[in-house]
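Engineer: See model.txt below, with compact mmCIF, N, CA and C atoms and all ligand atoms.
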# COMPACT_ATOMS: atom_id res chain seq x y z
N MET A 1388 68.21 189.45 -28.66
CA MET A 1388 67.34 188.72 -27.74
C MET A 1388 68.12 188.42 -26.47
N GLU A 1389 67.83 189.16 -25.40
CA GLU A 1389 68.58 188.96 -24.16
C GLU A 1389 67.88 187.92 -23.29
N LEU A 1390 68.71 187.14 -22.63
CA LEU A 1390 68.13 186.06 -21.84
C LEU A 1390 67.35 186.57 -20.64
N GLU A 1391 67.72 187.76 -20.13
CA GLU A 1391 66.96 188.30 -18.98
C GLU A 1391 65.50 188.54 -19.37
N GLU A 1392 65.32 188.87 -20.66
CA GLU A 1392 63.96 189.14 -21.11
C GLU A 1392 63.10 187.89 -21.03
N LEU A 1393 63.75 186.78 -20.88
CA LEU A 1393 63.02 185.52 -20.87
C LEU A 1393 62.77 185.01 -19.47
N LYS A 1394 63.07 185.82 -18.46
CA LYS A 1394 63.04 185.28 -17.10
C LYS A 1394 61.65 184.81 -16.67
N ASP A 1395 60.61 185.41 -17.27
CA ASP A 1395 59.28 184.92 -16.90
C ASP A 1395 58.84 183.74 -17.76
N MET A 1396 59.73 183.28 -18.61
CA MET A 1396 59.43 182.05 -19.35
C MET A 1396 60.22 180.93 -18.71
N LYS A 1397 59.62 179.78 -18.64
CA LYS A 1397 60.32 178.68 -18.02
C LYS A 1397 61.55 178.32 -18.84
N GLN A 1398 62.70 178.30 -18.17
CA GLN A 1398 63.94 178.08 -18.89
C GLN A 1398 64.30 176.60 -18.98
N THR A 1399 63.70 175.93 -19.91
CA THR A 1399 64.09 174.55 -20.11
C THR A 1399 65.22 174.55 -21.13
N PRO A 1400 66.07 173.52 -21.09
CA PRO A 1400 67.16 173.46 -22.09
C PRO A 1400 66.61 173.45 -23.51
N GLN A 1401 65.42 172.85 -23.67
CA GLN A 1401 64.82 172.81 -25.00
C GLN A 1401 64.51 174.21 -25.50
N ARG A 1402 63.95 175.01 -24.60
CA ARG A 1402 63.60 176.38 -25.00
C ARG A 1402 64.84 177.19 -25.33
N LEU A 1403 65.87 177.00 -24.51
CA LEU A 1403 67.12 177.71 -24.77
C LEU A 1403 67.70 177.29 -26.12
N ALA A 1404 67.55 175.99 -26.44
CA ALA A 1404 68.06 175.51 -27.72
C ALA A 1404 67.32 176.15 -28.89
N ILE A 1405 66.03 176.35 -28.71
CA ILE A 1405 65.23 176.99 -29.76
C ILE A 1405 65.71 178.43 -29.97
N ILE A 1406 65.94 179.12 -28.85
CA ILE A 1406 66.39 180.51 -28.93
C ILE A 1406 67.78 180.59 -29.57
N GLU A 1407 68.65 179.69 -29.14
CA GLU A 1407 69.99 179.64 -29.72
C GLU A 1407 69.92 179.44 -31.24
N TYR A 1408 69.08 178.50 -31.63
CA TYR A 1408 68.96 178.21 -33.06
C TYR A 1408 68.53 179.45 -33.84
N LEU A 1409 67.56 180.16 -33.30
CA LEU A 1409 67.06 181.35 -33.98
C LEU A 1409 68.13 182.42 -34.08
N LYS A 1410 68.92 182.54 -33.01
CA LYS A 1410 69.97 183.56 -33.00
C LYS A 1410 71.05 183.24 -34.03
N GLU A 1411 71.34 181.96 -34.18
CA GLU A 1411 72.46 181.56 -35.04
C GLU A 1411 72.06 181.33 -36.48
N ASN A 1412 70.77 181.15 -36.73
CA ASN A 1412 70.33 180.84 -38.09
C ASN A 1412 69.30 181.86 -38.56
N LYS A 1413 69.80 182.92 -39.13
CA LYS A 1413 68.89 183.99 -39.53
C LYS A 1413 68.36 183.73 -40.93
N ILE A 1414 67.78 182.56 -41.07
CA ILE A 1414 67.26 182.16 -42.38
C ILE A 1414 65.75 182.31 -42.45
N HIS A 1415 65.17 182.99 -41.47
CA HIS A 1415 63.73 183.13 -41.42
C HIS A 1415 63.07 181.76 -41.46
N PRO A 1416 63.41 180.93 -40.49
CA PRO A 1416 62.94 179.54 -40.53
C PRO A 1416 61.44 179.40 -40.29
N THR A 1417 60.92 178.28 -40.73
CA THR A 1417 59.55 177.90 -40.39
C THR A 1417 59.63 177.14 -39.06
N ALA A 1418 58.47 176.89 -38.44
CA ALA A 1418 58.46 176.10 -37.21
C ALA A 1418 59.06 174.72 -37.50
N GLY A 1419 58.81 174.21 -38.69
CA GLY A 1419 59.34 172.91 -39.09
C GLY A 1419 60.87 172.91 -39.16
N ASP A 1420 61.44 173.99 -39.69
CA ASP A 1420 62.91 174.10 -39.76
C ASP A 1420 63.50 174.08 -38.35
N VAL A 1421 62.87 174.82 -37.45
CA VAL A 1421 63.38 174.90 -36.08
C VAL A 1421 63.27 173.52 -35.43
N TYR A 1422 62.13 172.89 -35.64
CA TYR A 1422 61.91 171.56 -35.05
C TYR A 1422 62.96 170.56 -35.54
N LYS A 1423 63.20 170.57 -36.85
CA LYS A 1423 64.16 169.65 -37.44
C LYS A 1423 65.55 169.82 -36.83
N ALA A 1424 65.96 171.07 -36.68
CA ALA A 1424 67.30 171.34 -36.15
C ALA A 1424 67.40 171.00 -34.67
N VAL A 1425 66.41 171.44 -33.90
CA VAL A 1425 66.52 171.31 -32.45
C VAL A 1425 66.24 169.87 -31.99
N SER A 1426 65.41 169.15 -32.72
CA SER A 1426 65.10 167.79 -32.30
C SER A 1426 66.29 166.84 -32.50
N GLU A 1427 67.30 167.30 -33.24
CA GLU A 1427 68.51 166.48 -33.34
C GLU A 1427 69.20 166.40 -31.99
N ARG A 1428 69.13 167.52 -31.26
CA ARG A 1428 69.73 167.54 -29.92
C ARG A 1428 68.76 167.03 -28.86
N PHE A 1429 67.48 167.24 -29.10
CA PHE A 1429 66.46 166.84 -28.12
C PHE A 1429 65.41 165.98 -28.82
N PRO A 1430 65.76 164.70 -29.02
CA PRO A 1430 64.87 163.83 -29.80
C PRO A 1430 63.48 163.65 -29.19
N THR A 1431 63.34 163.93 -27.91
CA THR A 1431 62.02 163.74 -27.30
C THR A 1431 61.14 164.98 -27.43
N MET A 1432 61.71 166.06 -27.90
CA MET A 1432 60.93 167.28 -28.00
C MET A 1432 59.91 167.15 -29.12
N SER A 1433 58.71 167.64 -28.84
CA SER A 1433 57.64 167.51 -29.83
C SER A 1433 57.56 168.77 -30.68
N PHE A 1434 56.93 168.62 -31.83
CA PHE A 1434 56.71 169.76 -32.70
C PHE A 1434 55.85 170.80 -32.00
N ALA A 1435 54.89 170.32 -31.18
CA ALA A 1435 54.00 171.24 -30.47
C ALA A 1435 54.78 172.15 -29.52
N THR A 1436 55.80 171.60 -28.87
CA THR A 1436 56.63 172.41 -27.97
C THR A 1436 57.34 173.51 -28.74
N VAL A 1437 57.89 173.13 -29.88
CA VAL A 1437 58.59 174.11 -30.71
C VAL A 1437 57.61 175.19 -31.15
N TYR A 1438 56.48 174.76 -31.64
CA TYR A 1438 55.47 175.68 -32.15
C TYR A 1438 55.00 176.64 -31.05
N ASN A 1439 54.69 176.08 -29.88
CA ASN A 1439 54.21 176.90 -28.78
C ASN A 1439 55.27 177.88 -28.28
N THR A 1440 56.52 177.42 -28.27
CA THR A 1440 57.60 178.30 -27.84
C THR A 1440 57.74 179.46 -28.81
N LEU A 1441 57.67 179.18 -30.10
CA LEU A 1441 57.76 180.25 -31.10
C LEU A 1441 56.61 181.24 -30.92
N GLU A 1442 55.42 180.73 -30.68
CA GLU A 1442 54.26 181.61 -30.47
C GLU A 1442 54.46 182.48 -29.24
N LYS A 1443 55.01 181.89 -28.19
CA LYS A 1443 55.23 182.62 -26.94
C LYS A 1443 56.27 183.72 -27.14
N LEU A 1444 57.33 183.38 -27.84
CA LEU A 1444 58.38 184.37 -28.12
C LEU A 1444 57.82 185.51 -28.97
N LYS A 1445 56.91 185.16 -29.85
CA LYS A 1445 56.28 186.17 -30.69
C LYS A 1445 55.42 187.11 -29.84
N GLU A 1446 54.63 186.51 -28.94
CA GLU A 1446 53.79 187.29 -28.03
C GLU A 1446 54.61 188.26 -27.22
N LYS A 1447 55.81 187.83 -26.84
CA LYS A 1447 56.67 188.66 -26.02
C LYS A 1447 57.47 189.65 -26.85
N GLY A 1448 57.21 189.66 -28.13
CA GLY A 1448 57.88 190.61 -29.01
C GLY A 1448 59.34 190.31 -29.25
N MET A 1449 59.72 189.05 -29.08
CA MET A 1449 61.13 188.70 -29.26
C MET A 1449 61.41 188.14 -30.64
N LEU A 1450 60.39 187.89 -31.38
CA LEU A 1450 60.56 187.59 -32.80
C LEU A 1450 59.30 188.02 -33.52
N VAL A 1451 59.40 188.17 -34.81
CA VAL A 1451 58.23 188.56 -35.57
C VAL A 1451 57.89 187.46 -36.57
N GLU A 1452 56.60 187.40 -36.86
CA GLU A 1452 56.13 186.42 -37.82
C GLU A 1452 56.01 187.14 -39.16
N LEU A 1453 56.55 186.53 -40.20
CA LEU A 1453 56.47 187.12 -41.53
C LEU A 1453 55.34 186.45 -42.29
N SER A 1454 54.61 187.24 -43.05
CA SER A 1454 53.49 186.67 -43.81
C SER A 1454 53.84 186.53 -45.28
N ILE A 1455 55.14 186.56 -45.58
CA ILE A 1455 55.55 186.56 -46.98
C ILE A 1455 55.44 185.20 -47.65
N ASP A 1456 55.35 184.16 -46.86
CA ASP A 1456 55.24 182.82 -47.41
C ASP A 1456 53.81 182.34 -47.18
N PRO A 1457 52.99 182.29 -48.22
CA PRO A 1457 51.58 181.96 -48.00
C PRO A 1457 51.38 180.56 -47.42
N GLY A 1458 52.33 179.67 -47.64
CA GLY A 1458 52.20 178.30 -47.17
C GLY A 1458 52.50 178.13 -45.71
N LYS A 1459 53.49 178.89 -45.20
CA LYS A 1459 53.96 178.67 -43.83
C LYS A 1459 54.32 179.98 -43.17
N LYS A 1460 54.23 179.97 -41.86
CA LYS A 1460 54.72 181.11 -41.09
C LYS A 1460 56.23 181.07 -41.10
N ARG A 1461 56.84 182.21 -41.28
CA ARG A 1461 58.30 182.29 -41.19
C ARG A 1461 58.61 183.22 -40.03
N PHE A 1462 59.68 182.90 -39.30
CA PHE A 1462 60.00 183.68 -38.11
C PHE A 1462 61.31 184.44 -38.31
N ASP A 1463 61.33 185.66 -37.82
CA ASP A 1463 62.49 186.54 -37.92
C ASP A 1463 62.81 187.05 -36.53
N CYS A 1464 64.00 186.74 -36.05
CA CYS A 1464 64.35 187.19 -34.70
C CYS A 1464 65.21 188.44 -34.74
N ASP A 1465 65.41 188.98 -35.93
CA ASP A 1465 66.15 190.24 -36.03
C ASP A 1465 65.13 191.38 -35.99
N LEU A 1466 65.13 192.09 -34.87
CA LEU A 1466 64.08 193.09 -34.66
C LEU A 1466 64.45 194.46 -35.20
N ARG A 1467 65.65 194.58 -35.76
CA ARG A 1467 66.02 195.87 -36.36
C ARG A 1467 65.16 196.10 -37.60
N PRO A 1468 64.81 197.36 -37.87
CA PRO A 1468 64.00 197.59 -39.07
C PRO A 1468 64.77 197.16 -40.32
N HIS A 1469 64.16 196.35 -41.13
CA HIS A 1469 64.81 195.96 -42.39
C HIS A 1469 63.79 195.45 -43.39
N HIS A 1470 64.25 195.28 -44.60
CA HIS A 1470 63.40 194.82 -45.69
C HIS A 1470 63.81 193.40 -46.08
N HIS A 1471 63.05 192.82 -46.98
CA HIS A 1471 63.35 191.44 -47.37
C HIS A 1471 63.38 191.25 -48.88
N LEU A 1472 64.27 190.35 -49.27
CA LEU A 1472 64.34 189.88 -50.65
C LEU A 1472 63.85 188.44 -50.61
N ILE A 1473 62.84 188.12 -51.38
CA ILE A 1473 62.25 186.78 -51.32
C ILE A 1473 62.39 186.07 -52.66
N CYS A 1474 62.93 184.87 -52.61
CA CYS A 1474 63.07 184.10 -53.84
C CYS A 1474 61.75 183.39 -54.13
N ILE A 1475 61.21 183.63 -55.32
CA ILE A 1475 59.92 183.04 -55.68
C ILE A 1475 60.04 181.56 -56.01
N ARG A 1476 61.27 181.08 -56.15
CA ARG A 1476 61.47 179.65 -56.46
C ARG A 1476 61.66 178.83 -55.18
N CYS A 1477 62.69 179.18 -54.41
CA CYS A 1477 63.01 178.35 -53.24
C CYS A 1477 62.47 178.93 -51.94
N ARG A 1478 61.88 180.16 -52.02
CA ARG A 1478 61.29 180.80 -50.84
C ARG A 1478 62.32 181.21 -49.79
N GLU A 1479 63.58 181.28 -50.19
CA GLU A 1479 64.57 181.77 -49.25
C GLU A 1479 64.34 183.27 -49.06
N VAL A 1480 64.60 183.74 -47.85
CA VAL A 1480 64.36 185.15 -47.53
C VAL A 1480 65.67 185.78 -47.08
N PHE A 1481 66.07 186.82 -47.77
CA PHE A 1481 67.31 187.53 -47.43
C PHE A 1481 66.96 188.87 -46.81
N ASP A 1482 67.82 189.31 -45.90
CA ASP A 1482 67.62 190.62 -45.27
C ASP A 1482 68.22 191.73 -46.11
N VAL A 1483 67.57 192.86 -46.09
CA VAL A 1483 68.09 194.07 -46.73
C VAL A 1483 68.09 195.16 -45.68
N PHE A 1484 69.29 195.61 -45.33
CA PHE A 1484 69.38 196.62 -44.27
C PHE A 1484 69.55 198.03 -44.79
N LYS A 1485 69.73 198.14 -46.08
CA LYS A 1485 69.92 199.48 -46.65
C LYS A 1485 68.64 200.28 -46.48
N ASP A 1486 68.81 201.48 -46.00
CA ASP A 1486 67.65 202.34 -45.83
C ASP A 1486 67.51 203.26 -47.04
N TYR A 1487 66.31 203.48 -47.43
CA TYR A 1487 66.10 204.40 -48.54
C TYR A 1487 64.74 205.05 -48.34
N TYR A 1488 64.57 206.10 -49.07
CA TYR A 1488 63.34 206.85 -48.91
C TYR A 1488 62.35 206.44 -49.98
N LEU A 1489 61.17 206.12 -49.55
CA LEU A 1489 60.11 205.75 -50.48
C LEU A 1489 58.99 206.76 -50.32
N GLU A 1490 58.68 207.42 -51.42
CA GLU A 1490 57.69 208.46 -51.32
C GLU A 1490 56.28 207.92 -51.52
N LEU A 1491 55.42 208.28 -50.60
CA LEU A 1491 54.02 207.87 -50.70
C LEU A 1491 53.20 209.16 -50.73
N PRO A 1492 52.39 209.34 -51.77
CA PRO A 1492 51.60 210.57 -51.85
C PRO A 1492 50.69 210.71 -50.64
N GLU A 1493 50.58 211.93 -50.15
CA GLU A 1493 49.84 212.16 -48.91
C GLU A 1493 48.39 211.67 -48.99
N GLU A 1494 47.79 211.74 -50.18
CA GLU A 1494 46.38 211.30 -50.31
C GLU A 1494 46.24 209.80 -50.07
N GLU A 1495 47.36 209.08 -50.06
CA GLU A 1495 47.31 207.63 -49.81
C GLU A 1495 47.47 207.30 -48.31
N PHE A 1496 47.76 208.30 -47.49
CA PHE A 1496 48.03 208.06 -46.07
C PHE A 1496 46.79 207.65 -45.30
N ASN A 1497 45.61 208.04 -45.80
CA ASN A 1497 44.36 207.71 -45.12
C ASN A 1497 44.33 208.23 -43.70
N GLY A 1498 44.93 209.37 -43.48
CA GLY A 1498 44.95 209.95 -42.14
C GLY A 1498 45.95 209.32 -41.20
N PHE A 1499 46.71 208.35 -41.68
CA PHE A 1499 47.70 207.68 -40.84
C PHE A 1499 48.88 208.60 -40.56
N GLU A 1500 49.42 208.45 -39.35
CA GLU A 1500 50.73 209.03 -39.10
C GLU A 1500 51.71 207.88 -39.32
N LEU A 1501 52.53 207.98 -40.33
CA LEU A 1501 53.42 206.86 -40.67
C LEU A 1501 54.56 206.76 -39.67
N VAL A 1502 54.81 205.55 -39.20
CA VAL A 1502 55.91 205.35 -38.25
C VAL A 1502 56.97 204.40 -38.80
N GLY A 1503 56.68 203.73 -39.87
CA GLY A 1503 57.68 202.83 -40.43
C GLY A 1503 57.19 202.19 -41.71
N MET A 1504 58.09 201.50 -42.36
CA MET A 1504 57.69 200.78 -43.56
C MET A 1504 58.58 199.57 -43.73
N GLN A 1505 58.03 198.59 -44.43
CA GLN A 1505 58.79 197.38 -44.72
C GLN A 1505 58.47 196.98 -46.13
N VAL A 1506 59.53 196.76 -46.91
CA VAL A 1506 59.33 196.44 -48.32
C VAL A 1506 59.74 194.99 -48.58
N ASP A 1507 58.93 194.26 -49.30
CA ASP A 1507 59.26 192.91 -49.72
C ASP A 1507 59.59 192.94 -51.20
N PHE A 1508 60.81 192.55 -51.52
CA PHE A 1508 61.22 192.47 -52.92
C PHE A 1508 61.12 191.01 -53.34
N TYR A 1509 60.59 190.74 -54.49
CA TYR A 1509 60.49 189.37 -54.99
C TYR A 1509 61.39 189.17 -56.20
N GLY A 1510 61.99 188.00 -56.26
CA GLY A 1510 62.86 187.73 -57.40
C GLY A 1510 63.32 186.30 -57.38
N ILE A 1511 64.37 186.02 -58.14
CA ILE A 1511 64.94 184.68 -58.20
C ILE A 1511 66.37 184.79 -57.69
N CYS A 1512 66.67 184.01 -56.66
CA CYS A 1512 67.97 184.15 -56.00
C CYS A 1512 69.09 183.63 -56.90
N ARG A 1513 70.30 183.94 -56.50
CA ARG A 1513 71.47 183.58 -57.29
C ARG A 1513 71.54 182.06 -57.52
N ARG A 1514 71.27 181.31 -56.45
CA ARG A 1514 71.37 179.85 -56.54
C ARG A 1514 70.33 179.29 -57.51
N CYS A 1515 69.09 179.77 -57.41
CA CYS A 1515 68.03 179.28 -58.29
C CYS A 1515 68.29 179.70 -59.73
N LYS A 1516 68.85 180.89 -59.91
CA LYS A 1516 69.17 181.37 -61.26
C LYS A 1516 70.23 180.47 -61.89
N GLU A 1517 71.22 180.14 -61.07
CA GLU A 1517 72.31 179.26 -61.51
C GLU A 1517 71.75 177.89 -61.89
N LEU A 1518 70.86 177.38 -61.06
CA LEU A 1518 70.23 176.08 -61.31
C LEU A 1518 69.45 176.08 -62.61
N GLU A 1519 68.69 177.15 -62.82
CA GLU A 1519 67.91 177.25 -64.05
C GLU A 1519 68.82 177.29 -65.27
N ARG A 1520 69.93 178.00 -65.11
CA ARG A 1520 70.87 178.12 -66.21
C ARG A 1520 71.45 176.75 -66.55
N LYS A 1521 71.79 175.99 -65.50
CA LYS A 1521 72.35 174.65 -65.70
C LYS A 1521 71.34 173.73 -66.37
N ASN A 1522 70.07 173.81 -65.94
CA ASN A 1522 69.03 172.97 -66.53
C ASN A 1522 68.82 173.30 -68.00
N ILE A 1523 68.91 174.57 -68.32
CA ILE A 1523 68.76 174.99 -69.72
C ILE A 1523 69.93 174.40 -70.53
N ASP A 1524 71.13 174.49 -69.95
CA ASP A 1524 72.31 173.94 -70.63
C ASP A 1524 72.14 172.45 -70.90
N LEU A 1525 71.60 171.73 -69.91
CA LEU A 1525 71.43 170.27 -70.04
C LEU A 1525 70.43 169.91 -71.13
N ASN A 1526 69.40 170.73 -71.26
CA ASN A 1526 68.35 170.44 -72.25
C ASN A 1526 68.79 170.74 -73.67
N LEU A 1527 69.86 171.50 -73.80
CA LEU A 1527 70.31 171.87 -75.15
C LEU A 1527 71.00 170.71 -75.87
ZN ZN A 1601 66.00 180.64 -54.70
MN MN A 1602 64.66 189.48 -41.77
Please go through the file and, once you have read it, give me the structure as structure tokens.

Structural biologist:
Amino acid sequence: MELEELKDMKQTPQRLAIIEYLKENKIHPTAGDVYKAVSERFPTMSFATVYNTLEKLKEKGMLVELSIDPGKKRFDCDLRPHHHLICIRCREVFDVFKDYYLELPEEEFNGFELVGMQVDFYGICRRCKELERKNIDLNL
């Protein structure tokens, strides 16, 4: 995300802080996560400002909205093609950059010319697995 690309957006320190946060925290945050982090530095900033800024950045193609979390929008500022690993317990989203070939039978193309694909893997992350193991140990 280059700052020149933002020249037609008003450069308030708050907006820059939002962009900085996204660049440094590739955790696929929700608008709430961004608000929580950035409002520590800018206590007067409203949730609406954060939300609107995220929407604007999305419109400009500088971040993408993920639909993997049915409860909340998650934002990804890494525009390189990649896949995701999603924890069904804590909803943490990990990036997968390994490329692989996935075969789709031609009769499923529906006349589409395929230009890309994105795969969402679901599972239980290491931390949640560890937690479950500990809870089982405690109950024994
Ligand atoms: Zn987890
Ligand atoms: Mn990602």

Engineer: Tell me which protein, DNA and RNA residues are within 7 Å of Asp1507 (chain A), counting only N, CA and C atoms, leaving out same-chain ones fewer than 3 positions away, and put them as JSON, numbers by chain.

Structural biologist: {"A": [1470, 1471, 1472, 1473]}

Engineer: Could you tell me, as a list of chain:residue names, which residues of region 1435-1498 of chain A DSSP assigns to helix (DSSP H, G or I) when given the backbone?

Structural biologist: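 Those residues are A:Ala1435, A:Thr1436, A:Val1437, A:Tyr1438, A:Asn1439, A:Thr1440, A:Leu1441, A:Glu1442, A:Lys1443, A:Leu1444, A:Lys1445, A:Glu1446, A:Glu1493, A:Glu1494, A:Glu1495.
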
Engineer: So the first atom is CA of Glu1411 (chain A) and the second is atom C of Val1480 (chain A); what is the distance between them in Å, to one decimal place?

Structural biologist: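 Atom C of Val1480 (chain A) lies 14.5 Å from CA of Glu1411 (chain A).
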
Engineer: Between A:Glu1490, A:Gln1505, A:Asp1463, A:Glu1500, which has the minimum distance to Lys1413 (chain A) (counting all atoms listed in the file)?

Structural biologist: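 Among the listed residues, the smallest separation from Lys1413 (chain A) belongs to A:Asp1463.
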
Engineer: When the cut-off is 7 Å and you count only N, CA and C atoms and all ligand atoms, which residues lie near ligand ZN 1601 (chain A), shown as a list in words?

Structural biologist: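 Within the 7 Å cut-off, the matching residues are Ile1473, Cys1474, Ile1475, Arg1476, Cys1477, Arg1478, Glu1479, Gly1510, Ile1511, Cys1512, Arg1513, Arg1514, Cys1515 and Lys1516 of chain A.
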
Engineer: One decimal, Å: what's the distance from CA of Thr1417 (chain A) over to CA of Glu1452 (chain A), could you say?

Structural biologist: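 Those two atoms sit 9.5 Å apart.
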
Engineer: Quick one, how far is atom N of Ile1414 (chain A) from atom N of Leu1453 (chain A)?

Structural biologist: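 For atom N of Ile1414 (chain A) relative to atom N of Leu1453 (chain A), the distance reads 11.9 Å.
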
Engineer: For the interface of chain A with ligand MN 1602 (chain A) (cut-off 6.5 Å, counting all atoms listed in the file), please tabulate each contacting residue of chain A alongside its nearest pair of atoms and their separation in Å to one decimal, rows sorted by chain and increasing number, as JSON lines.

Structural biologist:
{"residue": "A:His1415", "atom": "CA", "partner": "A:MN1602", "partner_atom": "MN", "distance": 6.4}
{"residue": "A:Asp1463", "atom": "CA", "partner": "A:MN1602", "partner_atom": "MN", "distance": 5.3}
{"residue": "A:Cys1464", "atom": "N", "partner": "A:MN1602", "partner_atom": "MN", "distance": 6.4}
{"residue": "A:Asp1465", "atom": "N", "partner": "A:MN1602", "partner_atom": "MN", "distance": 5.9}
{"residue": "A:His1469", "atom": "C", "partner": "A:MN1602", "partner_atom": "MN", "distance": 6.2}
{"residue": "A:His1470", "atom": "C", "partner": "A:MN1602", "partner_atom": "MN", "distance": 5.9}
{"residue": "A:His1471", "atom": "CA", "partner": "A:MN1602", "partner_atom": "MN", "distance": 6.1}
{"residue": "A:Phe1481", "atom": "C", "partner": "A:MN1602", "partner_atom": "MN", "distance": 5.6}
{"residue": "A:Asp1482", "atom": "CA", "partner": "A:MN1602", "partner_atom": "MN", "distance": 4.7}
{"residue": "A:Val1483", "atom": "N", "partner": "A:MN1602", "partner_atom": "MN", "distance": 6.2}

Engineer: As a PyMOL selection string, please: the residues near Val1437 (chain A) (cut-off 7 Å, only C-alpha atoms, same-chain neighbours under 4 positions excluded).

Structural biologist: chain A and resi 1418+1422+1433+1441

Engineer: Using DSSP on the backbone coordinates, identify all residues within region 1393-1499 of chain A classified as strand (DSSP E or B); present the result as a ChimeraX atom specification.

Structural biologist: /A:1451-1453,1461-1463,1470-1474,1480-1483
